[in-house]
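Peer 1: Got a structure here, written out as structure tokens. Questions coming.
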Number of protein chains: 4
Amino acid sequence: MERKDNKALTVAYIGGGSRGWAWGFMTDLAMDGQLCGTVRLYDIDRSAAERNEIIGNKISAHKDAVSRWQYVVSDSLQQALTGADFVVISILPGTFEEMRSDVHLPERVGVYQPVGDTVGPGGFMRAMRTIPMYVEIASAIRDYAPDAWVINYTNPMSLCVRTLYEVFPGIKAFGCCHEVFGTQKLLCSMLEKETGIKADRHELYTTVTGINHFTWLTRASYRDIDLMPLYDKYAHEFADGYDEGGDTNWMNSSFACAQKVKFDLYRRYGAIAAAGDRHLAEFMPPWYTRDPETVRRWKFGLTTVDWRVDDLARRMQRSDDLISGREELQLRASGEEGHLLLKAVLGLGDLVSNVNVPNRGQIPNLPLGAVVETNALFGRDRIEPVYAGPIPSNILPLVARHIYNQENALRAALTCDRKLAFTTFMNDPQMGHVTPEDGQKLFDDMLENQRKYLPKEWFR
Amino acid sequence: MERKDNKALTVAYIGGGSRGWAWGFMTDLAMDGQLCGTVRLYDIDRSAAERNEIIGNKISAHKDAVSRWQYVVSDSLQQALTGADFVVISILPGTFEEMRSDVHLPERVGVYQPVGDTVGPGGFMRAMRTIPMYVEIASAIRDYAPDAWVINYTNPMSLCVRTLYEVFPGIKAFGCCHEVFGTQKLLCSMLEKETGIKADRHELYTTVTGINHFTWLTRASYRDIDLMPLYDKYAHEFADGYDEGGDTNWMNSSFACAQKVKFDLYRRYGAIAAAGDRHLAEFMPPWYTRDPETVRRWKFGLTTVDWRVDDLARRMQRSDDLISGREELQLRASGEEGHLLLKAVLGLGDLVSNVNVPNRGQIPNLPLGAVVETNALFGRDRIEPVYAGPIPSNILPLVARHIYNQENALRAALTCDRKLAFTTFMNDPQMGHVTPEDGQKLFDDMLENQRKYLPKEWFR
Amino acid sequence: MERKDNKALTVAYIGGGSRGWAWGFMTDLAMDGQLCGTVRLYDIDRSAAERNEIIGNKISAHKDAVSRWQYVVSDSLQQALTGADFVVISILPGTFEEMRSDVHLPERVGVYQPVGDTVGPGGFMRAMRTIPMYVEIASAIRDYAPDAWVINYTNPMSLCVRTLYEVFPGIKAFGCCHEVFGTQKLLCSMLEKETGIKADRHELYTTVTGINHFTWLTRASYRDIDLMPLYDKYAHEFADGYDEGGDTNWMNSSFACAQKVKFDLYRRYGAIAAAGDRHLAEFMPPWYTRDPETVRRWKFGLTTVDWRVDDLARRMQRSDDLISGREELQLRASGEEGHLLLKAVLGLGDLVSNVNVPNRGQIPNLPLGAVVETNALFGRDRIEPVYAGPIPSNILPLVARHIYNQENALRAALTCDRKLAFTTFMNDPQMGHVTPEDGQKLFDDMLENQRKYLPKEWFR
Amino acid sequence: MERKDNKALTVAYIGGGSRGWAWGFMTDLAMDGQLCGTVRLYDIDRSAAERNEIIGNKISAHKDAVSRWQYVVSDSLQQALTGADFVVISILPGTFEEMRSDVHLPERVGVYQPVGDTVGPGGFMRAMRTIPMYVEIASAIRDYAPDAWVINYTNPMSLCVRTLYEVFPGIKAFGCCHEVFGTQKLLCSMLEKETGIKADRHELYTTVTGINHFTWLTRASYRDIDLMPLYDKYAHEFADGYDEGGDTNWMNSSFACAQKVKFDLYRRYGAIAAAGDRHLAEFMPPWYTRDPETVRRWKFGLTTVDWRVDDLARRMQRSDDLISGREELQLRASGEEGHLLLKAVLGLGDLVSNVNVPNRGQIPNLPLGAVVETNALFGRDRIEPVYAGPIPSNILPLVARHIYNQENALRAALTCDRKLAFTTFMNDPQMGHVTPEDGQKLFDDMLENQRKYLPKEWFR
């Protein structure tokens, strides 16, 4: 009988120097008693991986830890991957310098991006430098760990997962994102306010459809209660903003939103847009992001790169403190589901969760092969997407536009095709008002700004 | 908030005079404490419904019953359906006279049918008389209970469900069948023999694909154990038959099989055919049914109509005994899942189970709209099919052939098209060796034999 | 043998009071010796139909006419259609008053529309009032002339044809448009300049794909000469405009363009956009139409409604003159292909031509059922679309966006759904920069402006 | 401008030693004044190619020849292909020894095959040895002549063309077959008998659908005359056979049929089966081929391999005679269309003809990628399939069955998979009555009989 030894698993962590995601993942592993093994940390910034090796082993040795994991640095992708049961990918493509160009340069043509890592001119440019990295990673997985399950956390999520499948169609990869969870918590908050019922988001069922960061719920229920009428009520009553009483997701805590965009989209389109307002706004025409004043009016924040720089400094300091022992380590669940999905594919408990994988027909009116986000049934060595039905016809053009851009961006990145890249860049809804001349100048400058991360074929 | 009162449900039972299925369903309801309400029994044989009214109310009044259901006879489809939350359909199309023609007349051209109610010349003819009845039922549901959930148990399952959707595309219907459960139990039996682990079939996960009674498992696991290698081992070791130690499913108990056909199909096609051997054999060329001797060699039984006549007499007697009190009523779960699925769509617990519904892409290489059997995720007011993947290419032609026949049989029945009916009848694999002349004679005679159940347009 | 009498055909002309199109069609019929019959003129403006009855009969009696056609006014759709072999639809939905609102009101939010009858806010609003008219026409064809071939000339072409098929799926309808012809003539002009070869556009072969007025040529050849390299050369050499030496198509003669938009699109997308620049510009973001100055720079005209008013006055005058004999009638071919297609479906000569019909897979990466424009093979009682291949992936998002809008506009018009109508209206590329507030105000005003042509359900 | 020199073309003829096909092709070239060039003859039987070099050059030098072609023998695929504009493939896979096994061995299980080169056990086995040859040819074309147009004449046609596209998806290949022409001539014969109109088959239009040798006409017309009612009349009147007055197609002249099978299929299925009865019968269950007596009753011939041996001897003799001058060369058109299609793709005249290419949606209810036969529009460097519509639902299962077998046969041949090969072999309708035991023995023996032409992986 074929059966893995759950006490001797091997995880290859690509981007193993990550500060934040990695620590959360390490903690989730330490707090779960069913699995043990080795995590190989690989990072092009080797010293960051080494620091995480120390932190990881400290977490594993913590008195509250209920399992034993060993953390080791790997010297190469090959070394990290060979024999791995799982691969986690969570990399930072480039530095804050490139991110600054992504997020802020487009402001000169009136494009204000709250995040700038998924779509819009910033997301597009980030994709151009990330895709070649994923080509390398996918090739290595194909060569050294073809049977491993691969979890991606990097943005732009859809394009990262899409690239993995493009390069290695047989890969067993999926992308995880917590944005839907936030909306599920919002539904829990409403349910409690309205009925006093305290539900955990895992007790809800939501039919998930769309693409990462622009995901939609077409059905939502808690046991025998339909939550859609409830949401409808709140979307109308709290059109000017809703305070759900504390989002505890660490990633979002510093940039909460008032759900105004979400409610506006619901009133216009009749389904629940399920991501932070900062993300949602980026997928639409500049209705919510025309200028900083408009953004304020819609009550969400523009995450500046300056903030990110400061935030990283804080996390670096925390890294120092954790290593030196100045900060006492505390085990606290991250709220992510990665380790649960990992257990599910090991066969330790079936699970339905939202996930980013190629469309096999789970959304029948979107192109096959495009990476979409829907529910899937996770179980022993399998992920079976759950049929979400056709995406509602009024939402279809909004989503399809980004899916077409996804495909063209991939093609442009793989072939360094400037013409295709530029028309794709211009087809983003955020760019709908920009003249071709201004757009071309912006495109050229942004590409130049990340020249060192791009194949030289772009600059022939 | 929209929410049904689970203590005041209304179920319309079409074919409510049924002996066997109805009693099992009544018992399952009585043993479940979460639901109460009324079951309306409708049957063209009113006296049978009246007897079941008595039996149902007795079951409901039984000391071990944990819920209260009231049984009442309905005078018409309209009366039964109006206001119903659920519709259960379990009818006997025609009498044993027609069934005798279905099953035994084809023996004159060398076609021996173990069951004769699904495919083959018998299944085809049964469909011809059943489809008009389903046209009537579907129309009534559309007119009187368009929002009700509809569970079908009647054979030919695929065509019954297909007809419901053809007549009323907005119907919320699905077909349930226990045949897959038997194969899951077989896997449990093997698992126990091999490892000592006693697993319940609900603890297994099987990826289900195909069509009713010709369903295939392409994956099977118990927790982190892959059961496919185990099955492979048994299929080779027990090529001459396997005794799993007592199938307790009432329907099959009197006609057990030795799994020889199932194992042979596995060795040839590499996936687990998941139905009783009697059913499976009918979907293939006459490899297993050429003559009674061949059938004996493959160790399964031909269920004669004589046996059915005797069996009905026994059940009639039992009906008398239950009503008169000569037989003491005992509550014992039927092993069916109908009441669980009913609870799932009420929102009382999500469930993954195999089900017969139109293909929405869950099997991407079979025609959309054809009724297929795969897993689905059942929850509050929804059934979301789980993606089963393409049916393996070697099995595809076997299944597709019956799917095309399904569509043509439906069309022929709806239009009383003798030419289309005949070529479809002849396209069944059991008929592959019959000459057109013999086939035509058989076709005409079989149609004539059920003349009274057919639209007169057939006989212009 | 089934065979029509080509000397006794019946044509129902819906919009038979048309000035211009009708006369061209009448002339083409008169100049073709193979067909004779009756043309029934139906128009809600009966007096216009009566005037055309006179003109038509004069044309038919002209000394150069080689066939005899009788023109008669019909009192109702039913009268016009009953027994018709062909139906020609060429109506003016509403008056110049509504057209003025369509074309010019959006200028207040900075949207300048060169035509305003296909897409953009103007095209959308025109569709809202045209679709109900087409619902009526399609129903009448279904009831009174289900076997007739139906040719549509009205804009918005795609939505008119789409509505016909929505209401009566069995209709034998197609839409004809001469815009592609103009681009074929442009190719002929280049060929002559470059090689001295004088080719007629019918001698070219072009692979046509896309949607009406936003049609693309992915291949073009004259005998064994590939014309794509030639076009490429011209698109680069004449980036600032090209004078092909006189477009003789009457419809376009007063508003010629310099092909600058067409060449720009070619340089960006690599295929030949095949319609007048005025039309093409409307399908794109406001790259070419941002303001009147930009339009001048791109060297095409904005067709004002004032011009149309004047033009109609001229045509009215001409109608008077033709009737009174002040203007001598001259038979001159219109350049349209309608009568040729009509002959083709009669079986008088197979023909390949571009046509607007529902997508049956001729463009495999666009949704099935959407009305697209590709080549088709016309022959006796059949139109068989020719496979155009997938629309190039860089052009796909541009076209698909309008196709999704097409579907949503249809749905909105059929159900008078203001929410769906508004989000569709806003999804037009011309509207990408407009705020939801300004957009809503514009939408409401434009709808109000054509209130009398809309179902009252819009104004509940 | 890109443009080929039609007076200096290069044709690579794979199987250039062919007797019969090659001579016809040479003659057709000689009789067409528009093209000149070189034909490179490549054959694994070099001496046969050398003889054809002599014959070809004689034909070219014939006094009636209107063009000049030079014939030369090539030493290798690489030499033949490098620089070729066209590739013609017409090979004999194996010898009469293998063909004898294909055609006659199955008689021992009661399978009588009139041809045995397309489907049935013989066609299957022929495919097993032919596919590896086509893998080699396709690879060579990809490497040495990727832009050449490739015409295939070898059987099994569908699988040969399918293999070319499998190995080199970018290939520009199509398969030509004259079987449809014969049925078109039959229609001409009927037309003349009925109306006195003498029409050439090129003047007919027929909508072609299906697969090679099992092709169906769903529409047929001559100018404005619908030929379907005419065919219907003949199919009923001449149910016992029809003599069309001399089929002049050289290939078929020695084995004419009485159209009885064709008419029977029409009466049963309502469309015109368009191939010789010998071919059609092989795609059906053994309705027409049960035994030699049945064949006689249906009035077509079983082409024995003995006949083929004799026929070859005659052609060898003729080859000698032509070379020695004993037989005087006469130029007579072959009736094939190959050279016309070749001219069409050069741009010398658009043409609609039936052709075997992968399904791109021209038959929307058959799997994409399967090689089907429909009309296509041939023109300069393009073949655009014409939409044939869904294959009628009653015929669909007959054709789909062979298409599934086509795919599985390809897969089995590429991977030497005995299990897949056997179940595919058994899924042929001719084998529907054969027991698995007899089938297995036959399969093993037939495979053994052609061992020398198969990859050794089959015999591990």
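Residue numbering restarts at 1 for every chain of the structure tokens, chains are lettered A, B, ... in their displayed order, and ligands are numbered from 1 as they appear.
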Show me, as an mmCIF file with N, CA and C atoms, in the first residue's frame, every residue of chain B with an atom at most 7 Å from chain D, counting only C-alpha atoms.

Peer 2:
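result08.cif, written as the output of this step:
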```
data_model
loop_
_atom_site.group_PDB
_atom_site.id
_atom_site.type_symbol
_atom_site.label_atom_id
_atom_site.label_comp_id
_atom_site.auth_asym_id
_atom_site.auth_seq_id
_atom_site.Cartn_x
_atom_site.Cartn_y
_atom_site.Cartn_z
ATOM 1 N N ARG B 268 -9.003 -5.155 -17.561
ATOM 2 C CA ARG B 268 -8.963 -4.697 -18.955
ATOM 3 C C ARG B 268 -8.862 -3.181 -19.074
ATOM 4 N N PRO B 285 -20.630 -5.472 -24.661
ATOM 5 C CA PRO B 285 -21.046 -6.480 -25.630
ATOM 6 C C PRO B 285 -21.333 -7.780 -24.868
ATOM 7 N N TRP B 287 -20.129 -10.203 -23.797
ATOM 8 C CA TRP B 287 -18.977 -10.953 -23.289
ATOM 9 C C TRP B 287 -19.359 -11.825 -22.087
ATOM 10 N N SER B 393 -9.720 7.547 -21.536
ATOM 11 C CA SER B 393 -10.018 7.458 -22.969
ATOM 12 C C SER B 393 -10.370 6.041 -23.411
ATOM 13 N N ASN B 394 -9.922 5.037 -22.699
ATOM 14 C CA ASN B 394 -10.297 3.672 -23.096
ATOM 15 C C ASN B 394 -11.735 3.335 -22.673
ATOM 16 N N PRO B 397 -15.335 5.398 -24.978
ATOM 17 C CA PRO B 397 -16.269 4.914 -26.012
ATOM 18 C C PRO B 397 -17.374 4.038 -25.441
ATOM 19 N N ARG B 401 -21.189 5.688 -25.898
ATOM 20 C CA ARG B 401 -22.169 4.955 -26.706
ATOM 21 C C ARG B 401 -23.538 4.962 -26.033
ATOM 22 N N TYR B 404 -25.059 8.553 -26.079
ATOM 23 C CA TYR B 404 -25.709 8.887 -27.353
ATOM 24 C C TYR B 404 -27.046 8.167 -27.456
ATOM 25 N N ASN B 408 -30.829 9.751 -28.011
ATOM 26 C CA ASN B 408 -31.693 9.335 -29.114
ATOM 27 C C ASN B 408 -32.942 8.629 -28.613
ATOM 28 N N LYS B 419 -38.215 5.085 -36.637
ATOM 29 C CA LYS B 419 -36.909 4.873 -37.275
ATOM 30 C C LYS B 419 -35.793 5.148 -36.289
ATOM 31 N N LEU B 420 -35.886 6.288 -35.636
ATOM 32 C CA LEU B 420 -34.865 6.656 -34.668
ATOM 33 C C LEU B 420 -34.851 5.646 -33.522
ATOM 34 N N GLY B 432 -25.342 -6.099 -30.900
ATOM 35 C CA GLY B 432 -24.326 -5.964 -31.946
ATOM 36 C C GLY B 432 -24.299 -7.105 -32.938
ATOM 37 N N HIS B 433 -24.791 -8.271 -32.544
ATOM 38 C CA HIS B 433 -24.706 -9.433 -33.425
ATOM 39 C C HIS B 433 -26.048 -9.766 -34.073
ATOM 40 N N THR B 435 -29.206 -9.540 -36.527
ATOM 41 C CA THR B 435 -29.439 -9.029 -37.881
ATOM 42 C C THR B 435 -30.544 -7.973 -37.833
ATOM 43 N N PRO B 436 -30.512 -7.048 -38.784
ATOM 44 C CA PRO B 436 -31.558 -6.025 -38.826
ATOM 45 C C PRO B 436 -32.948 -6.649 -38.921
#
```

Peer 1: Tell me, as a PyMOL selection string, which residues lie within 8 Å of C:Gly56, counting only C-alpha atoms; anything in the same chain fewer than 2 positions away does not count.

Peer 2: chain C and resi 23+26+52-54+58-60+70-71

Peer 1: Can you measure atom CA of D:Arg142 to atom CA of D:Lys452 for me? One decimal in Å is fine.

Peer 2: 26.3 Å

Peer 1: Env of stretch 332-347 of chain A: 9 Å cut, atoms = only C-alpha atoms, seq-sep filter 6 positions within chain, self excluded. Answer as a ChimeraX atom specification.

Peer 2: /A:3-4,6,21,23-25,27-29,31-32,34-35,86,149,151,176-178,181,248-250,353,378-383 /B:221-225

Peer 1: May I have the residues within 12 Å of B:Ser47 as a compact mmCIF listing (two decimals) with C-alpha atoms, in the first residue's frame, using only C-alpha atoms and disregarding those fewer than 4 positions away in the same chain?

Peer 2:
```
# COMPACT_ATOMS: atom_id res chain seq x y z
CA GLY B 15 -45.34 6.21 -6.65
CA GLY B 16 -46.32 6.27 -3.03
CA GLY B 17 -47.77 2.78 -3.19
CA SER B 18 -44.30 1.33 -3.64
CA LEU B 41 -48.57 9.51 -1.10
CA TYR B 42 -49.66 9.60 -4.70
CA ASP B 43 -50.01 6.48 -6.81
CA ARG B 51 -51.97 0.69 2.43
CA ASN B 52 -48.74 2.66 2.64
CA GLU B 53 -50.56 5.44 4.45
CA ILE B 54 -51.38 2.92 7.17
CA VAL B 73 -52.95 9.85 0.36
CA SER B 74 -53.20 12.45 -2.42
CA ASP B 75 -55.81 12.25 -5.15
```

Peer 1: Can you tell me which residues surround C:Ala273 at a distance of at most 7 Å, considering only C-alpha atoms, apart from same-chain residues fewer than 3 positions away, and format the answer as a list in words?

Peer 2: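 After dropping sequence-adjacent residues, the list is Phe214, Thr215, Trp216, Leu217, Lys262, Leu265 and Tyr266 of chain C.
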
Peer 1: Store the residues picked out above in a file with N, CA and C atoms, as a short mmCIF file (atom, residue, chain, number, x, y, z; two decimals), in the first residue's frame.

Peer 2:
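Output contents, as saved in part_1.cif:
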```cif
data_model
loop_
_atom_site.label_atom_id
_atom_site.label_comp_id
_atom_site.auth_asym_id
_atom_site.auth_seq_id
_atom_site.Cartn_x
_atom_site.Cartn_y
_atom_site.Cartn_z
N PHE C 214 -16.30 46.30 -36.50
CA PHE C 214 -15.02 46.11 -35.82
C PHE C 214 -14.50 44.75 -36.30
N THR C 215 -14.42 44.69 -37.61
CA THR C 215 -14.08 43.46 -38.31
C THR C 215 -12.60 43.52 -38.63
N TRP C 216 -11.97 42.37 -38.67
CA TRP C 216 -10.53 42.31 -38.90
C TRP C 216 -10.22 41.32 -40.01
N LEU C 217 -9.20 41.65 -40.79
CA LEU C 217 -8.72 40.72 -41.81
C LEU C 217 -7.40 40.14 -41.33
N LYS C 262 -6.94 53.11 -39.02
CA LYS C 262 -6.77 51.73 -39.52
C LYS C 262 -5.29 51.32 -39.51
N LEU C 265 -4.03 50.94 -35.90
CA LEU C 265 -4.46 49.66 -35.33
C LEU C 265 -3.63 48.51 -35.91
N TYR C 266 -3.34 48.60 -37.20
CA TYR C 266 -2.51 47.55 -37.79
C TYR C 266 -1.13 47.50 -37.13
#
```

Peer 1: Residues near D:Arg19, anyone? I mean within 10 Å using only C-alpha atoms, not counting same-chain ones fewer than 6 positions away, as an mmCIF file with C-alpha atoms, in the first residue's frame.

Peer 2:
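Full text of selection_32.cif as output:
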```cif
data_model
loop_
_atom_site.group_PDB
_atom_site.id
_atom_site.type_symbol
_atom_site.label_atom_id
_atom_site.label_comp_id
_atom_site.auth_asym_id
_atom_site.auth_seq_id
_atom_site.Cartn_x
_atom_site.Cartn_y
_atom_site.Cartn_z
ATOM 1 C CA ALA D 48 10.396 1.157 -57.734
ATOM 2 C CA ALA D 49 11.192 4.851 -57.441
ATOM 3 C CA ARG D 51 11.216 2.927 -62.513
ATOM 4 C CA ASN D 52 8.787 5.752 -61.769
ATOM 5 C CA LEU D 312 -0.258 -5.789 -58.886
ATOM 6 C CA ARG D 315 0.463 -3.176 -62.968
ATOM 7 C CA MET D 316 4.057 -4.380 -62.740
ATOM 8 C CA ARG D 318 2.305 -2.414 -67.328
ATOM 9 C CA SER D 319 5.179 -0.630 -65.668
#
```

Peer 1: Looking only at strand (DSSP E) from DSSP on the backbone, list the matching residues of stretch 86-203 of chain D as a list in words.

Peer 2: Phe86, Val87, Val88, Ile89, Trp149, Val150, Ile151, Asn152, Lys172, Ala173, Phe174 and Gly175 of chain D

Peer 1: What is the distance, in Å and to one decimal place, between atom CA of A:Gly361 and atom CA of B:Leu377?

Peer 2: 15.9 Å

Peer 1: Which polymer residues have any atom within 8 Å of an atom of stretch 189-194 of chain A, counting only C-alpha atoms, with same-chain residues fewer than 2 positions away left out, as an mmCIF file with C-alpha atoms, in the first residue's frame?

Peer 2:
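Ended up saving to result-v1.cif:
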```cif
data_model
loop_
_atom_site.group_PDB
_atom_site.id
_atom_site.type_symbol
_atom_site.label_atom_id
_atom_site.label_comp_id
_atom_site.auth_asym_id
_atom_site.auth_seq_id
_atom_site.Cartn_x
_atom_site.Cartn_y
_atom_site.Cartn_z
ATOM 1 C CA LYS A 185 -15.637 36.958 8.593
ATOM 2 C CA LEU A 186 -17.616 40.012 7.560
ATOM 3 C CA LEU A 187 -20.611 37.740 6.983
ATOM 4 C CA GLY A 196 -26.740 36.784 18.029
ATOM 5 C CA ILE A 197 -25.408 33.593 16.439
ATOM 6 C CA LYS A 198 -21.632 33.400 16.802
ATOM 7 C CA ALA A 199 -20.402 31.425 13.823
ATOM 8 C CA LEU A 227 -27.014 34.972 4.158
ATOM 9 C CA LEU A 230 -28.756 39.666 5.166
ATOM 10 C CA TYR A 231 -25.898 40.991 3.089
ATOM 11 C CA TYR A 234 -26.339 45.612 5.196
ATOM 12 C CA GLU A 244 -17.186 44.803 11.559
ATOM 13 C CA GLY A 245 -15.397 45.066 14.891
#
```

Peer 1: Using Å and a single decimal, report how far atom CA of B:Asp5 sits from atom CA of B:Asn354.

Peer 2: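 Here the two named atoms are 26.9 Å from each other.
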
Peer 1: Please run DSSP on the backbone and report, as an NGL selection string, all residues within stretch 172-269 of chain B that come out as alpha helix (DSSP H).

Peer 2: :B and (179-195 or 228-237 or 250-253 or 260-269)
